[in-house]
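S.K.: Have a look at this one.
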Amino acid sequence: MNDPTLASPLARPERLTVLVPPVPPVPSVDDVPAMPPSRTAVQTDEPRRTPLPQSYAPRDLANLRAEGISAWFGTHMVLDRVSLNMPAGIITSLIGPSGCGKSTFLRILNRMHELVPSAAMAGQVLLDGADVYDPKRRLTDARRHIGMVFQKPNPFPAMSIRENVLAGLRLTGMKASNSDKDALVESSLRRAGLWAEVANRLSAPGGGLSGGQQQRLCIARSLAVRPRVLLMDEPCSALDPTSTRVIEETMLELAQEVTIVIVTHNMQQAARVSQQCAFFLASQGTPGVIVEHGDTSAMFQSPQDERTAAYVEGRFG
Ligand SMILES: Nc1ncnc2c1ncn2[C@@H]1O[C@H](COP(=O)(O)OP(=O)(O)O)[C@@H](O)[C@H]1O
Ligand SMILES: [Mg+2]
């Protein structure tokens, strides 16, 4: 009975408590496919300096896959073997009541979960088949390839708009000449739908922008390091309807070049922006699971599970 494999799935499997440190086990290094060739290919030698991409033509879109993701805070299991394919080129929305593990799931996708001292996880995250938790890969690589935008816009308030956009470069070891930086600032702000509003005040502080503009500045900051995936955790919940619309339009345009996963409590938003939807639920103190996922309009119009129907119709949550 001491065999952990015989324990209840709710028991924290010590052999899989793989985070902070040591790094998680992977099945076999030989089984892990190499990162797809790209200008942001991973180098293992130190120090690594990634040249700045010269052009911003769309690259191959990335497929993100979570397999059997479980998560714990201390002994509290909050996700139980969640698997989800987040295909390239579409927007996936994660819906469900508060506390069912959506943000935890999102943070696991780009290795932010392990910043929490008591946090542990099991399972795999695969970016185009390559394990994001591969111990040979740097933590910053996961965060650069898989960017994140949070509920509350978090620009550096005293830093200029321009410097805010460029802030991620140093953190991820990318360098650029001043003229490259100018081009990068403009292209990132354009793609985030903010350029027209700030082009003539790039040296003004980021903190002086409206909430919706600050959120687009944060999107521009994420885009500047050329992520392949953009995770957005309730990015509009602090914004007015007009700003929300602008962000949604921006997302729909960005979906042409980055794979997007968004957590939203707004069913209309999920319906407007996402093609695929996953419904998370943690009932009666049990860990979060995906109850149902699939085509967004099908899920809203003819949900297969009674609990999904109750949630999308607003009967709880
Ligand atoms: N840093 C943390 N420490 C301990 N428990 C946490 C932490 N963050 C989240 N939790 C718990 O994990 C569960 C899932 O939370 P979360 O992922 O934030 O859900 P959601 O985003 O769906 O509202 C909740 O029970 C929450 O209380
Ligand atoms: Mg959340």
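Each chain in the structure tokens gets a letter, A, B, ..., in the order shown, and its residues are numbered from 1; ligands are numbered from 1 in order too.
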Using only C-alpha atoms, determine which residues lie at most 10 Å from Ala192 of chain A, disregarding the query and same-chain residues fewer than 6 positions distant; provide the list as a list of chain:residue names.

M.R.: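 Everything that qualifies: A:Glu186, A:Gln213, A:Gln215, A:Arg216, A:Leu217, A:Cys218, A:Ile219, A:Ala220, A:Arg221, A:Ser222, A:Leu223, A:Ala224, A:Val246, A:Ile247, A:Glu249, A:Thr250, A:Met251, A:Glu253, A:Leu254.
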
S.K.: Report as a VMD selection string which protein, DNA and RNA residues come within 9 Å of ligand 1, using only C-alpha atoms and all ligand atoms.

M.R.: chain A and resid 71 to 74 76 to 79 94 to 107 113 116 to 119 233 to 234 263 280 to 282 285 287 to 288

S.K.: May I have the residues within 12 Å of Thr259 of chain A as a ChimeraX atom specification, using only C-alpha atoms and disregarding those fewer than 6 positions away in the same chain?

M.R.: /A:58-65,85-93,127-128,145-148,223,226-232,251-253,274-276

S.K.: Quick check for you: according to DSSP on this backbone, which residues of segment 158-267 of chain A are classed as strand (DSSP E or B)? Reply as a PyMOL selection string.

M.R.: chain A and resi 160+174-175+205+229-233+259-263

S.K.: Export, as a PDB file, in the first residue's frame, the selected residues with N, CA and C atoms.

M.R.:
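Once written, selection-v4.pdb looks like this:
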```pdb
ATOM      1  N   SER A 160       8.954  54.826 -19.889  1.00  0.00           N
ATOM      2  CA  SER A 160       8.288  55.364 -21.071  1.00  0.00           C
ATOM      3  C   SER A 160       7.557  54.253 -21.827  1.00  0.00           C
ATOM      4  N   MET A 174      17.580  38.999 -25.517  1.00  0.00           N
ATOM      5  CA  MET A 174      17.595  39.459 -26.906  1.00  0.00           C
ATOM      6  C   MET A 174      18.227  40.842 -26.934  1.00  0.00           C
ATOM      7  N   LYS A 175      18.971  41.127 -27.981  1.00  0.00           N
ATOM      8  CA  LYS A 175      19.554  42.457 -28.084  1.00  0.00           C
ATOM      9  C   LYS A 175      19.264  43.031 -29.463  1.00  0.00           C
ATOM     10  N   PRO A 205       5.325  58.496 -19.936  1.00  0.00           N
ATOM     11  CA  PRO A 205       5.288  57.310 -19.067  1.00  0.00           C
ATOM     12  C   PRO A 205       4.102  56.399 -19.375  1.00  0.00           C
ATOM     13  N   VAL A 229       3.056  31.773 -28.680  1.00  0.00           N
ATOM     14  CA  VAL A 229       1.746  31.615 -28.042  1.00  0.00           C
ATOM     15  C   VAL A 229       1.536  32.813 -27.122  1.00  0.00           C
ATOM     16  N   LEU A 230       0.303  33.317 -27.064  1.00  0.00           N
ATOM     17  CA  LEU A 230      -0.024  34.387 -26.131  1.00  0.00           C
ATOM     18  C   LEU A 230      -1.148  33.902 -25.216  1.00  0.00           C
ATOM     19  N   LEU A 231      -0.849  33.874 -23.915  1.00  0.00           N
ATOM     20  CA  LEU A 231      -1.838  33.484 -22.919  1.00  0.00           C
ATOM     21  C   LEU A 231      -2.431  34.758 -22.331  1.00  0.00           C
ATOM     22  N   MET A 232      -3.744  34.817 -22.204  1.00  0.00           N
ATOM     23  CA  MET A 232      -4.389  36.031 -21.692  1.00  0.00           C
ATOM     24  C   MET A 232      -5.362  35.635 -20.586  1.00  0.00           C
ATOM     25  N   ASP A 233      -5.076  36.107 -19.375  1.00  0.00           N
ATOM     26  CA  ASP A 233      -5.896  35.726 -18.229  1.00  0.00           C
ATOM     27  C   ASP A 233      -6.884  36.842 -17.899  1.00  0.00           C
ATOM     28  N   THR A 259      -0.670  31.740 -31.522  1.00  0.00           N
ATOM     29  CA  THR A 259      -1.736  30.915 -30.971  1.00  0.00           C
ATOM     30  C   THR A 259      -2.184  31.569 -29.667  1.00  0.00           C
ATOM     31  N   ILE A 260      -3.479  31.759 -29.499  1.00  0.00           N
ATOM     32  CA  ILE A 260      -3.971  32.506 -28.337  1.00  0.00           C
ATOM     33  C   ILE A 260      -4.850  31.620 -27.460  1.00  0.00           C
ATOM     34  N   VAL A 261      -4.594  31.711 -26.156  1.00  0.00           N
ATOM     35  CA  VAL A 261      -5.448  31.039 -25.168  1.00  0.00           C
ATOM     36  C   VAL A 261      -5.916  32.118 -24.205  1.00  0.00           C
ATOM     37  N   ILE A 262      -7.227  32.251 -24.039  1.00  0.00           N
ATOM     38  CA  ILE A 262      -7.760  33.317 -23.188  1.00  0.00           C
ATOM     39  C   ILE A 262      -8.685  32.735 -22.123  1.00  0.00           C
ATOM     40  N   VAL A 263      -8.494  33.186 -20.890  1.00  0.00           N
ATOM     41  CA  VAL A 263      -9.457  32.891 -19.824  1.00  0.00           C
ATOM     42  C   VAL A 263     -10.449  34.045 -19.804  1.00  0.00           C
TER      43      VAL A 263
END
```

S.K.: Apply DSSP to the structure's backbone, then extract all residues of segment 56-186 of chain A labelled alpha helix (DSSP H) and return them as an MDAnalysis selection string.

M.R.: chainID A and resid 102:109 139:145 161:171 178:186

S.K.: Go ahead and save the picked residues with C-alpha atoms, as a short mmCIF file (atom, residue, chain, number, x, y, z; two decimals), in the first residue's frame.

M.R.:
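Generated file (part07.cif):
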```
data_model
loop_
_atom_site.label_atom_id
_atom_site.label_comp_id
_atom_site.auth_asym_id
_atom_site.auth_seq_id
_atom_site.Cartn_x
_atom_site.Cartn_y
_atom_site.Cartn_z
CA LYS A 102 -8.05 28.18 -15.05
CA SER A 103 -5.30 30.60 -14.03
CA THR A 104 -3.24 27.78 -12.59
CA PHE A 105 -3.57 25.88 -15.86
CA LEU A 106 -2.51 28.96 -17.83
CA ARG A 107 0.50 29.55 -15.56
CA ILE A 108 1.57 25.94 -15.99
CA LEU A 109 1.61 26.43 -19.76
CA LEU A 139 13.03 28.73 -18.00
CA THR A 140 13.20 32.01 -19.87
CA ASP A 141 12.73 30.16 -23.18
CA ALA A 142 9.32 28.94 -22.09
CA ARG A 143 8.32 32.47 -21.07
CA ARG A 144 9.61 33.98 -24.30
CA HIS A 145 7.90 31.48 -26.58
CA ILE A 161 5.91 53.73 -23.51
CA ARG A 162 8.89 52.88 -25.72
CA GLU A 163 10.88 51.35 -22.88
CA ASN A 164 7.86 49.38 -21.74
CA VAL A 165 7.64 47.73 -25.16
CA LEU A 166 11.34 46.91 -25.07
CA ALA A 167 11.37 45.72 -21.45
CA GLY A 168 11.10 42.04 -22.30
CA LEU A 169 14.14 41.96 -24.56
CA ARG A 170 16.75 42.21 -21.84
CA LEU A 171 14.96 39.70 -19.63
CA ASN A 178 18.69 51.37 -31.81
CA SER A 179 17.20 51.35 -35.31
CA ASP A 180 16.05 47.77 -34.83
CA LYS A 181 14.49 48.86 -31.58
CA ASP A 182 12.60 51.68 -33.27
CA ALA A 183 11.20 49.23 -35.81
CA LEU A 184 10.35 46.74 -33.09
CA VAL A 185 8.57 49.34 -30.97
CA GLU A 186 6.49 50.46 -33.93
#
```

S.K.: Ranking A:Gln301, A:Gln214, A:Ser283, A:Thr75 by minimum distance to Glu313 of chain A and counting only C-alpha atoms, which one comes first?

M.R.: A:Gln301
